[in-house]
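Structure, as structure tokens:
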Amino acid sequence: MRSLGTNLSSTTSFTLMGFPELGSLEHWLAALLLLLYAVSILGNTLILFIIKEEQSLHQPMYYFLSLLSVTDLGVSFSTLPTVLASMCFHAPETAFDACLAQMFFVHFFSWTESGILLAMSFDRYVAICNPLRYSSVLTDARVAYIGISIIIRSFFMVFPSPFLLKRLPFCRANVLIHPFCLHPDMIRLPCGDTTINNIYGLFVVISTFSVDSVLILLSYVLILRSVLAIASKEERLKTLNTCVSHICAVLIFYVPMVSVSMVHRLGKHAPEYVHKFMSLVYLFVPPMLNTIIYSIKTKEIRKRRLCKILLRRKY
């Protein structure tokens, strides 16, 4: 019995389940996920390329969009190795430390994306409610300071989690139900006391996602109040249209995130495939849809702008 209380974290590995219940259809799901990876990686890389090359896009709004694209790329590259290994090459085993590292980066980029969406809502608030002060409030130095602050906050919020997990004894079958490592999945496996981990996890969720979402909602309440004060209906619609991309990005990020949290906390007896599906939506859909939304709704990032840049480079 004493061996069961020994911390086996340094010698154990995890088995990533994937979707064995799908049988032969798992290959089609793997193909779909690879397609989503391709759209996300190519789309976000394209946005970064266009913003870098086009001088007219060197503005706070597009700086924040660049950060969002980098974050989405980070989420995609964080999960790609184990998804490929478990679902394409049938190598589901991953080392304990590698799993902790993946967990860190997945949650780090998620926390960072929440902060960036908050910064983008502040950008829209200043642009609509205080347009005359926009350039003086959101200077390049201040945008850089906001970006660095978001990264530092995310790092220190996530940094303790791997160490809090590693101190625990893992004496059960270390099988994770996802093809990647997530904290809600890993915290089910230790046979030690996880009270500290649960309290810290709740603190992180409240101090990041909850605070960010409330501040985003507050910013849009203030934006809506300013928009309703505009006399012209056309001007009101034109002003609101500048927020559509960001509102969509907020919804496709927070709705799956809240759904995943509710499923893990309230749907403990739900079938495993429900947990898997919600996690896939949470990690795969936002990076892919963000590129599509901003490419469609932002005229400077449409195809003709890319063609113009490529032609300029060619000649």
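Letters for chains follow the order of the structure tokens (A, B, ...), residue numbers begin at 1 for each chain, and ligand numbers begin at 1 in the order shown.
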
Margin query: If we count only C-alpha atoms and set the cut-off at 8 Å, which residues sit around range 79-93 of chain A, ignoring sequence neighbours fewer than 4 positions away in its own chain? Please answer as an NGL selection string.
Written below: :A and (13-19 or 26-27 or 30 or 37 or 75 or 102 or 106 or 179-180)

Would you give me, as a Markdown table, each residue of range 27-69 of chain A having an atom within 8 Å of an atom of range 116-130 of chain A, along with its shortest atom pair and that distance in Å to one decimal, using only C-alpha atoms and sorting by chain and residue number?
```
| residue | atom | partner | partner_atom | distance |
| --- | --- | --- | --- | --- |
| A:Pro60 | CA | A:Asp123 | CA | 7.4 |
| A:Met61 | CA | A:Asp123 | CA | 6.5 |
| A:Phe64 | CA | A:Met120 | CA | 6.3 |
| A:Leu65 | CA | A:Met120 | CA | 7.9 |
| A:Leu67 | CA | A:Ile116 | CA | 7.1 |
| A:Leu68 | CA | A:Ile116 | CA | 6.4 |
```

Next item on the list: Identify, on the basis of only C-alpha atoms, every residue whose closest approach to Leu251 in chain A does not exceed 12 Å; exclude the query and any residue fewer than 2 positions from it along the same chain; express the result as a ChimeraX atom specification.
Entry: /A:114,117,213,216-217,244-249,253-259,282,285-286,289-290,293

Note to self: Set the distance at 9 Å and use only C-alpha atoms: which residues neighbour Ser76 in chain A once local chain neighbours fewer than 2 positions away are removed? I'd like the list as a ChimeraX atom specification.
What the structure shows: /A:37,40-41,71-74,78-80,106,283-284,287

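With CA of Pro131 in chain A on one side and CA of Val214 in chain A on the other, the separation reads 23.1 Å.
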
Margin query: Which of range 97-280 of chain A end up as alpha helix (DSSP H) when DSSP is run on this backbone - answer as an NGL selection string?
Written below: :A and (97-129 or 134-137 or 140-158 or 160-166 or 183-186 or 195-205 or 211-228 or 233-241 or 244-266 or 272-280)

Next item on the list: Give me the residues within 9 Å of range 142-154 of chain A as an MDAnalysis selection string, counting only C-alpha atoms and dropping any in the same chain fewer than 2 places off.
Entry: chainID A and resid 60 63:64 67 107:116 119 137:140 156:159 208

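Between Leu164 in chain A and the candidates A:Ala141, A:Ser135, A:Val211, A:Thr194, the tightest atom-to-atom separation, counting only C-alpha atoms, involves A:Thr194.
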
Notebook entry, point to check: How far is it from CA of Ser261 in chain A to CA of Cys171 in chain A, in Å with one decimal?
Noted result: 25.6 Å

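Here CA of Ser161 in chain A stands at a distance of 16.3 Å from CA of Phe209 in chain A.
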